[in-house]
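The file start.cif contains mmCIF, C-alpha atoms:
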data_start
#
loop_
_atom_site.label_atom_id
_atom_site.label_comp_id
_atom_site.auth_asym_id
_atom_site.auth_seq_id
_atom_site.Cartn_x
_atom_site.Cartn_y
_atom_site.Cartn_z
CA MET L 1 5.03 -46.99 -96.59
CA ASN L 2 7.39 -48.44 -99.14
CA THR L 3 7.78 -46.62 -102.41
CA ILE L 4 9.20 -48.35 -105.43
CA PRO L 5 10.35 -45.37 -107.48
CA ALA L 6 10.49 -47.22 -110.79
CA ARG L 7 7.06 -48.74 -110.37
CA LEU L 8 5.37 -46.11 -112.51
CA ALA L 9 8.30 -45.23 -114.73
CA ARG L 10 7.61 -45.48 -118.45
CA ALA L 11 10.12 -45.19 -121.21
CA ALA L 12 9.50 -42.44 -123.73
CA GLN L 13 7.67 -43.97 -126.63
CA ILE L 14 6.98 -42.86 -130.16
CA SER L 15 3.43 -43.67 -131.13
CA ALA L 16 3.17 -45.70 -134.31
CA SER L 17 -0.09 -44.13 -135.44
CA PRO L 18 -2.56 -41.45 -134.37
CA GLU L 19 -4.81 -44.26 -133.23
CA GLN L 20 -2.15 -45.62 -130.91
CA ALA L 21 -1.46 -42.14 -129.55
CA ARG L 22 -5.17 -41.87 -128.83
CA GLN L 23 -5.18 -45.17 -126.97
CA ARG L 24 -2.24 -44.06 -124.88
CA VAL L 25 -4.02 -40.85 -123.98
CA PHE L 26 -7.00 -42.88 -122.79
CA GLN L 27 -4.72 -45.12 -120.75
CA LEU L 28 -3.16 -42.12 -119.07
CA TYR L 29 -6.55 -40.59 -118.42
CA ARG L 30 -7.78 -43.84 -116.92
CA ASP L 31 -4.81 -44.05 -114.62
CA TRP L 32 -5.40 -40.53 -113.35
CA TYR L 33 -9.10 -41.16 -112.96
CA ARG L 34 -8.53 -44.34 -110.99
CA ALA L 35 -5.84 -42.80 -108.82
CA ALA L 36 -7.93 -39.80 -107.76
CA PRO L 37 -9.08 -41.16 -104.37
CA GLU L 38 -5.61 -42.47 -103.60
CA ILE L 39 -3.93 -39.15 -104.39
CA ILE L 40 -6.45 -37.24 -102.31
CA SER L 41 -5.81 -39.41 -99.27
CA LEU L 42 -2.06 -39.45 -99.92
CA TYR L 43 -1.75 -35.68 -99.76
CA ALA L 44 -4.77 -35.12 -97.51
CA LEU L 45 -6.25 -32.73 -100.07
CA PRO L 46 -9.31 -30.72 -99.09
CA VAL L 47 -11.03 -31.48 -102.39
CA SER L 48 -13.59 -34.04 -103.44
CA VAL L 49 -12.88 -36.88 -105.81
CA PRO L 50 -15.15 -35.43 -108.54
CA PHE L 51 -13.36 -32.10 -108.29
CA PHE L 52 -9.98 -33.76 -108.62
CA ARG L 53 -11.18 -35.63 -111.68
CA HIS L 54 -12.62 -32.45 -113.10
CA ALA L 55 -9.26 -30.71 -112.66
CA ILE L 56 -7.47 -33.56 -114.40
CA ARG L 57 -10.03 -33.49 -117.15
CA ARG L 58 -9.35 -29.78 -117.59
CA LYS L 59 -5.67 -30.55 -118.05
CA PHE L 60 -6.51 -32.97 -120.80
CA GLU L 61 -8.98 -30.55 -122.38
CA GLU L 62 -6.28 -27.89 -122.60
CA ASN L 63 -4.57 -30.06 -125.19
CA ARG L 64 -7.67 -31.33 -126.88
CA TYR L 65 -6.88 -29.87 -130.27
CA VAL L 66 -3.27 -30.90 -130.46
CA THR L 67 -2.81 -32.74 -133.73
CA ASP L 68 0.95 -33.03 -134.08
CA GLN L 69 1.81 -36.56 -133.13
CA ARG L 70 5.27 -35.63 -131.86
CA VAL L 71 3.71 -33.06 -129.56
CA ILE L 72 1.20 -35.62 -128.33
CA ASP L 73 4.03 -38.00 -127.52
CA VAL L 74 5.84 -35.35 -125.52
CA LEU L 75 2.65 -34.43 -123.67
CA LEU L 76 2.04 -38.10 -122.91
CA LEU L 77 5.53 -38.44 -121.55
CA LYS L 78 5.04 -35.38 -119.38
CA GLY L 79 1.71 -36.68 -118.19
CA ARG L 80 3.29 -39.97 -117.21
CA GLN L 81 6.07 -38.19 -115.37
CA GLU L 82 3.55 -36.07 -113.55
CA TYR L 83 1.59 -39.17 -112.63
CA GLN L 84 4.66 -40.96 -111.34
CA GLU L 85 5.77 -37.96 -109.32
CA THR L 86 2.33 -37.54 -107.82
CA MET L 87 1.78 -41.17 -106.97
CA ASN L 88 5.23 -41.61 -105.43
CA GLN L 89 4.69 -38.52 -103.33
CA TRP L 90 7.65 -36.72 -104.80
CA LYS L 91 5.48 -33.64 -104.84
CA MET L 92 4.37 -31.63 -101.90
CA TYR L 93 0.92 -30.49 -100.96
CA ASP L 94 1.37 -27.12 -102.68
CA HIS L 95 2.55 -28.66 -105.92
CA VAL L 96 -0.65 -30.60 -106.13
CA MET L 97 -3.01 -27.87 -105.01
CA GLY L 98 -1.31 -24.95 -106.72
CA ILE L 99 -0.07 -26.50 -109.94
CA LEU L 100 -1.77 -29.79 -110.67
CA LEU L 101 -5.28 -28.73 -109.73
CA GLU L 102 -4.97 -25.13 -110.82
CA SER L 103 -6.12 -24.16 -114.29
CA ARG L 104 -3.28 -22.83 -116.36
CA LYS L 105 -5.06 -20.07 -118.17
CA GLY L 106 -6.39 -17.32 -116.00
CA ARG L 107 -8.21 -14.35 -117.37
CA PRO L 108 -6.27 -12.23 -119.88
CA ARG L 109 -4.02 -9.79 -118.13
CA SER L 110 -3.95 -6.13 -118.95
CA PHE L 111 -0.82 -4.26 -119.92
CA LEU L 112 -0.32 -2.80 -116.46
CA GLU L 113 -0.88 -6.07 -114.69
CA LYS L 114 1.84 -7.60 -116.80
CA PHE L 115 4.04 -4.67 -116.00
CA TYR L 116 3.53 -4.99 -112.26
CA GLU L 117 4.25 -8.67 -112.41
CA GLY L 118 7.37 -8.00 -114.41
CA ARG L 119 6.36 -10.60 -116.95
CA ASP L 120 5.13 -9.73 -120.40
CA GLU L 121 4.89 -13.24 -121.75
CA ASP L 122 2.22 -15.72 -120.82
CA ALA L 123 3.38 -19.21 -120.03
CA VAL L 124 4.75 -20.81 -123.15
CA LEU L 125 2.24 -23.21 -124.59
CA PRO L 126 3.32 -26.23 -126.59
CA ALA L 127 2.80 -25.95 -130.30
CA ALA L 128 -0.79 -26.94 -130.71
CA THR L 129 -1.14 -27.49 -134.39
CA GLY L 130 1.87 -28.40 -136.39
CA VAL L 131 2.71 -29.74 -139.79
CA MET M 1 -32.62 -33.39 -55.14
CA SER M 2 -33.66 -36.57 -53.41
CA PHE M 3 -37.06 -36.18 -54.95
CA LEU M 4 -35.53 -36.05 -58.41
CA ARG M 5 -33.44 -39.10 -57.68
CA LEU M 6 -36.50 -40.94 -56.57
CA ALA M 7 -38.30 -39.96 -59.72
CA ALA M 8 -35.37 -41.05 -61.85
CA ARG M 9 -35.20 -44.40 -60.12
CA SER M 10 -38.86 -45.02 -60.53
CA VAL M 11 -38.51 -44.37 -64.26
CA ALA M 12 -35.29 -46.24 -64.73
CA ARG M 13 -36.06 -49.36 -62.78
CA PRO M 14 -38.70 -50.88 -64.98
CA GLN M 15 -36.46 -50.35 -68.02
CA VAL M 16 -33.45 -51.97 -66.41
CA ALA M 17 -35.58 -54.81 -65.19
CA SER M 18 -37.35 -55.42 -68.45
CA ALA M 19 -34.55 -54.80 -70.89
CA PRO M 20 -32.39 -57.87 -70.20
CA ARG M 21 -35.43 -60.07 -70.07
CA VAL M 22 -36.38 -59.12 -73.59
CA VAL M 23 -33.05 -58.50 -75.27
CA LEU M 24 -30.74 -61.12 -73.88
CA PRO M 25 -32.71 -64.26 -74.59
CA ARG M 26 -33.50 -63.04 -78.08
CA ALA M 27 -29.88 -62.27 -78.85
CA ALA M 28 -28.73 -65.56 -77.43
CA ALA M 29 -31.31 -67.54 -79.32
CA ALA M 30 -31.24 -65.63 -82.59
CA LEU M 31 -27.55 -65.24 -83.30
CA PRO M 32 -26.43 -68.83 -83.89
CA GLN M 33 -29.57 -69.57 -85.85
CA SER M 34 -29.24 -66.62 -88.20
CA ARG M 35 -25.56 -67.29 -88.77
CA GLY M 36 -26.28 -70.83 -89.79
CA ARG M 37 -29.01 -69.70 -92.12
CA VAL M 38 -26.87 -67.11 -93.83
CA LEU M 39 -24.15 -69.63 -94.50
CA GLN M 40 -26.57 -72.11 -95.94
CA TYR M 41 -28.23 -69.60 -98.23
CA ALA M 42 -24.89 -68.23 -99.37
CA ALA M 43 -23.77 -71.66 -100.50
CA TYR M 44 -26.91 -72.29 -102.48
CA SER M 45 -27.16 -68.88 -104.11
CA ALA M 46 -23.49 -68.34 -104.87
CA ALA M 47 -23.73 -69.11 -108.58
CA ALA M 48 -26.66 -66.83 -109.31
CA GLY M 49 -24.82 -63.49 -109.37
CA LEU M 50 -26.54 -60.38 -110.64
CA SER M 51 -29.70 -60.50 -112.62
CA LYS M 52 -29.78 -58.87 -116.02
CA SER M 53 -32.50 -56.40 -115.08
CA ASP M 54 -30.56 -55.46 -111.97
CA ILE M 55 -27.43 -54.74 -113.99
CA THR M 56 -29.38 -52.77 -116.58
CA ALA M 57 -31.00 -50.58 -113.95
CA ARG M 58 -27.73 -49.86 -112.23
CA VAL M 59 -25.85 -49.08 -115.44
CA LEU M 60 -28.61 -46.72 -116.52
CA ASP M 61 -28.51 -45.09 -113.09
CA VAL M 62 -24.80 -44.51 -113.45
CA LEU M 63 -25.35 -42.87 -116.83
CA LYS M 64 -28.12 -40.70 -115.47
CA GLY M 65 -25.61 -39.31 -113.03
CA PHE M 66 -23.72 -37.73 -115.92
CA GLU M 67 -24.57 -34.13 -116.58
CA LYS M 68 -24.08 -34.40 -120.32
CA VAL M 69 -26.38 -37.36 -120.75
CA ASP M 70 -29.93 -36.47 -121.67
CA PRO M 71 -32.13 -38.89 -119.67
CA SER M 72 -34.83 -38.85 -122.34
CA LYS M 73 -32.42 -40.20 -124.95
CA LEU M 74 -31.04 -42.84 -122.64
CA THR M 75 -32.00 -46.40 -123.51
CA GLU M 76 -30.33 -49.79 -123.29
CA THR M 77 -29.32 -49.65 -126.92
CA SER M 78 -27.93 -46.13 -127.09
CA ARG M 79 -24.37 -45.62 -128.18
CA PHE M 80 -22.18 -43.31 -126.13
CA SER M 81 -20.88 -41.02 -128.86
CA GLU M 82 -23.61 -41.09 -131.52
CA ASP M 83 -26.80 -41.19 -129.43
CA LEU M 84 -25.75 -39.66 -126.14
CA GLY M 85 -23.36 -37.10 -127.59
CA LEU M 86 -20.45 -38.04 -125.34
CA ASP M 87 -16.89 -37.46 -126.49
CA SER M 88 -14.13 -40.01 -126.14
CA LEU M 89 -13.00 -38.87 -122.69
CA ASP M 90 -16.61 -38.93 -121.48
CA ALA M 91 -16.89 -42.47 -122.76
CA VAL M 92 -13.80 -43.40 -120.76
CA GLU M 93 -15.40 -41.77 -117.72
CA VAL M 94 -18.63 -43.70 -118.19
CA VAL M 95 -16.78 -47.00 -118.31
CA MET M 96 -14.80 -46.04 -115.21
CA ALA M 97 -17.98 -45.07 -113.39
CA VAL M 98 -19.50 -48.44 -114.27
CA GLU M 99 -16.33 -50.06 -112.94
CA GLU M 100 -16.71 -48.22 -109.67
CA GLU M 101 -20.38 -49.06 -109.41
CA PHE M 102 -19.72 -52.78 -109.73
CA ALA M 103 -16.38 -52.76 -107.90
CA ILE M 104 -14.38 -54.31 -110.73
CA GLU M 105 -11.48 -53.24 -112.86
CA ILE M 106 -11.91 -53.55 -116.61
CA PRO M 107 -8.63 -54.05 -118.51
CA ASP M 108 -7.76 -51.30 -120.97
CA GLU M 109 -8.29 -53.28 -124.17
CA GLU M 110 -11.74 -54.41 -123.15
CA ALA M 111 -12.65 -50.99 -121.79
CA ASP M 112 -11.87 -49.51 -125.21
CA GLU M 113 -14.32 -51.91 -126.80
CA ILE M 114 -17.24 -50.76 -124.68
CA LYS M 115 -18.96 -48.15 -126.80
CA THR M 116 -22.65 -48.71 -126.05
CA VAL M 117 -24.80 -49.17 -122.99
CA GLN M 118 -25.61 -52.69 -124.18
CA GLN M 119 -21.93 -53.64 -124.34
CA ALA M 120 -21.39 -52.36 -120.82
CA ILE M 121 -24.30 -54.43 -119.52
CA GLU M 122 -23.05 -57.52 -121.33
CA TYR M 123 -19.55 -57.07 -119.96
CA ILE M 124 -20.87 -56.85 -116.41
CA ALA M 125 -23.10 -59.87 -116.98
CA LYS M 126 -20.18 -62.05 -118.03
CA THR M 127 -17.90 -60.82 -115.25
CA PRO M 128 -18.30 -63.03 -112.19
CA GLU M 129 -16.53 -60.61 -109.82
CA ALA M 130 -19.09 -57.85 -110.42
CA HIS M 131 -21.36 -57.15 -107.50
#
Turn the structure described in the file into structure tokens.
Amino acid sequence: MNTIPARLARAAQISASPEQARQRVFQLYRDWYRAAPEIISLYALPVSVPFFRHAIRRKFEENRYVTDQRVIDVLLLKGRQEYQETMNQWKMYDHVMGILLESRKGRPRSFLEKFYEGRDEDAVLPAATGV
Amino acid sequence: MSFLRLAARSVARPQVASAPRVVLPRAAAALPQSRGRVLQYAAYSAAAGLSKSDITARVLDVLKGFEKVDPSKLTETSRFSEDLGLDSLDAVEVVMAVEEEFAIEIPDEEADEIKTVQQAIEYIAKTPEAH
């Protein structure tokens, strides 16, 4: 199969208005939604199409209450990058199963669990509400 | 052993003898005829497309497949967000599901415009590729 690496590349863009940022989010969501069957066959994932879409939806829901437009633009850029990397098969099976389809927030960890892991901090979340 | 063979033969023979007599002539006679008929009908009915009631039923079926949609509130005139209580990402999903149902791809700008069941039905009705 021939991959054109730049096919899905998008330049970073600053949204002109909240409305435009919203439209761009929908576009990204649509692309992911449409690509679900293709990605599943590309990586031979043992998941169903609805589950894949649900996992993607969960990723979007994590940032549902982000209001800062600059943050939204960065998240959009990251989403596009992720999409490009997934569609061009620059990821491996485990990246998709373990990172893309995995929910970020697990249950809250206790003090000792953090200690055993050697990590006090949870993953750094992007600033959700700014300005 | 030989008794079994005899029994098997006596069962099998009438089938073998009768099967070609029935099947072959029918296949030979029916195939060219039916092909010609199909072609003729296809030419005459090509412009008809989908009927409005057909589209309506299928769009409503798609919406009934959504967990969040209350079937009792679902009518042709209901709006996605106000009447059915769907959020914006759900609305995107509904439009994508309609796309899949009718095997078309709705461009982003027009997909954003579809906010009611009625609009979805109208869009399908005026799209010749929908089937």
Identify all chain M residues at most 9 Å from chain L by counting only C-alpha atoms; ligands do not count. Present them as a PyMOL selection string. chain M and resi 88-89+92-93+96+108+112
Please provide the set of residues having any atom within 7 Å of M:Ile121, restricted to all atoms listed in the file, with same-chain residues fewer than 4 positions apart removed, written as number ranges by chain. M: 55-56, 59, 117, 125
Axis-aligned box over every listed atom of stretch 113-130 of chain M, padded by 3 Å per side: centre and edges in Å to one decimal, as AutoDock Vina command-line options?
--center_x -20.0 --center_y -55.6 --center_z -118.3 --size_x 17.3 --size_y 20.9 --size_z 23.0
Using all atoms listed in the file and a cutoff of 8 Å, can you tell me which residues are near (-2.0, -41.1, -113.8) in the file's coordinates, and write them out as a VMD selection string? chain L and resid 28 to 35 79 to 80 82 to 84 87
Could you spell out the hits of the PyMOL selection byres ((chain L and resi 38-52) around 12) on the shown file, as an mmCIF file with C-alpha atoms, in the coordinates of the input?
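New file result_3.cif:
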data_model
loop_
_atom_site.group_PDB
_atom_site.id
_atom_site.type_symbol
_atom_site.label_atom_id
_atom_site.label_comp_id
_atom_site.auth_asym_id
_atom_site.auth_seq_id
_atom_site.Cartn_x
_atom_site.Cartn_y
_atom_site.Cartn_z
ATOM 1 C CA MET L 1 5.030 -46.990 -96.590
ATOM 2 C CA ASP L 31 -4.810 -44.050 -114.620
ATOM 3 C CA TRP L 32 -5.400 -40.530 -113.350
ATOM 4 C CA TYR L 33 -9.100 -41.160 -112.960
ATOM 5 C CA ARG L 34 -8.530 -44.340 -110.990
ATOM 6 C CA ALA L 35 -5.840 -42.800 -108.820
ATOM 7 C CA ALA L 36 -7.930 -39.800 -107.760
ATOM 8 C CA PRO L 37 -9.080 -41.160 -104.370
ATOM 9 C CA ARG L 53 -11.180 -35.630 -111.680
ATOM 10 C CA HIS L 54 -12.620 -32.450 -113.100
ATOM 11 C CA ALA L 55 -9.260 -30.710 -112.660
ATOM 12 C CA ILE L 56 -7.470 -33.560 -114.400
ATOM 13 C CA ARG L 57 -10.030 -33.490 -117.150
ATOM 14 C CA ARG L 58 -9.350 -29.780 -117.590
ATOM 15 C CA LYS L 59 -5.670 -30.550 -118.050
ATOM 16 C CA TYR L 83 1.590 -39.170 -112.630
ATOM 17 C CA GLN L 84 4.660 -40.960 -111.340
ATOM 18 C CA GLU L 85 5.770 -37.960 -109.320
ATOM 19 C CA THR L 86 2.330 -37.540 -107.820
ATOM 20 C CA MET L 87 1.780 -41.170 -106.970
ATOM 21 C CA ASN L 88 5.230 -41.610 -105.430
ATOM 22 C CA GLN L 89 4.690 -38.520 -103.330
ATOM 23 C CA TRP L 90 7.650 -36.720 -104.800
ATOM 24 C CA LYS L 91 5.480 -33.640 -104.840
ATOM 25 C CA MET L 92 4.370 -31.630 -101.900
ATOM 26 C CA TYR L 93 0.920 -30.490 -100.960
ATOM 27 C CA ASP L 94 1.370 -27.120 -102.680
ATOM 28 C CA HIS L 95 2.550 -28.660 -105.920
ATOM 29 C CA VAL L 96 -0.650 -30.600 -106.130
ATOM 30 C CA MET L 97 -3.010 -27.870 -105.010
ATOM 31 C CA GLY L 98 -1.310 -24.950 -106.720
ATOM 32 C CA LEU L 100 -1.770 -29.790 -110.670
ATOM 33 C CA LEU L 101 -5.280 -28.730 -109.730
ATOM 34 C CA GLU L 102 -4.970 -25.130 -110.820
ATOM 35 C CA SER L 103 -6.120 -24.160 -114.290
ATOM 36 C CA PHE M 66 -23.720 -37.730 -115.920
ATOM 37 C CA GLU M 93 -15.400 -41.770 -117.720
ATOM 38 C CA ALA M 97 -17.980 -45.070 -113.390
#
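Atom CA of L:Pro18 sits 17.9 Å away from atom CA of L:Lys78.
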One-decimal distance in Å that lies between atom CA of M:Gln118 and atom CA of M:Ala103: 18.7 Å
The distance between atom CA of L:Arg70 and atom CA of L:Ala12 is 11.4 Å
Could you please give me, as a VMD selection string, the residues of protein, DNA or RNA lying at most 12 Å from (-17.3, -50.0, -111.8) in the coordinate frame of the file, considering all atoms listed in the file? (chain L and resid 34) or (chain M and resid 55 58 to 59 62 to 63 92 to 107 111 120 to 121 123 to 124 127 129 to 131)
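Using only C-alpha atoms, the contacts of L:Gln69 at a cut-off of 9 Å, with sequence neighbours closer than 2 positions omitted, comprise Ile14, Ser15, Ser17, Pro18, Ala21, Val66, Thr67, Val71, Ile72, Asp73, Val74 and Gly130 of chain L.
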Compare L:Pro108, L:Asp68, L:Phe115, L:Leu77 by their minimum atom-to-atom distance to L:Ala11, counting all atoms listed in the file, and give me the closest one.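 That would be L:Leu77, the residue with the smallest distance to L:Ala11.
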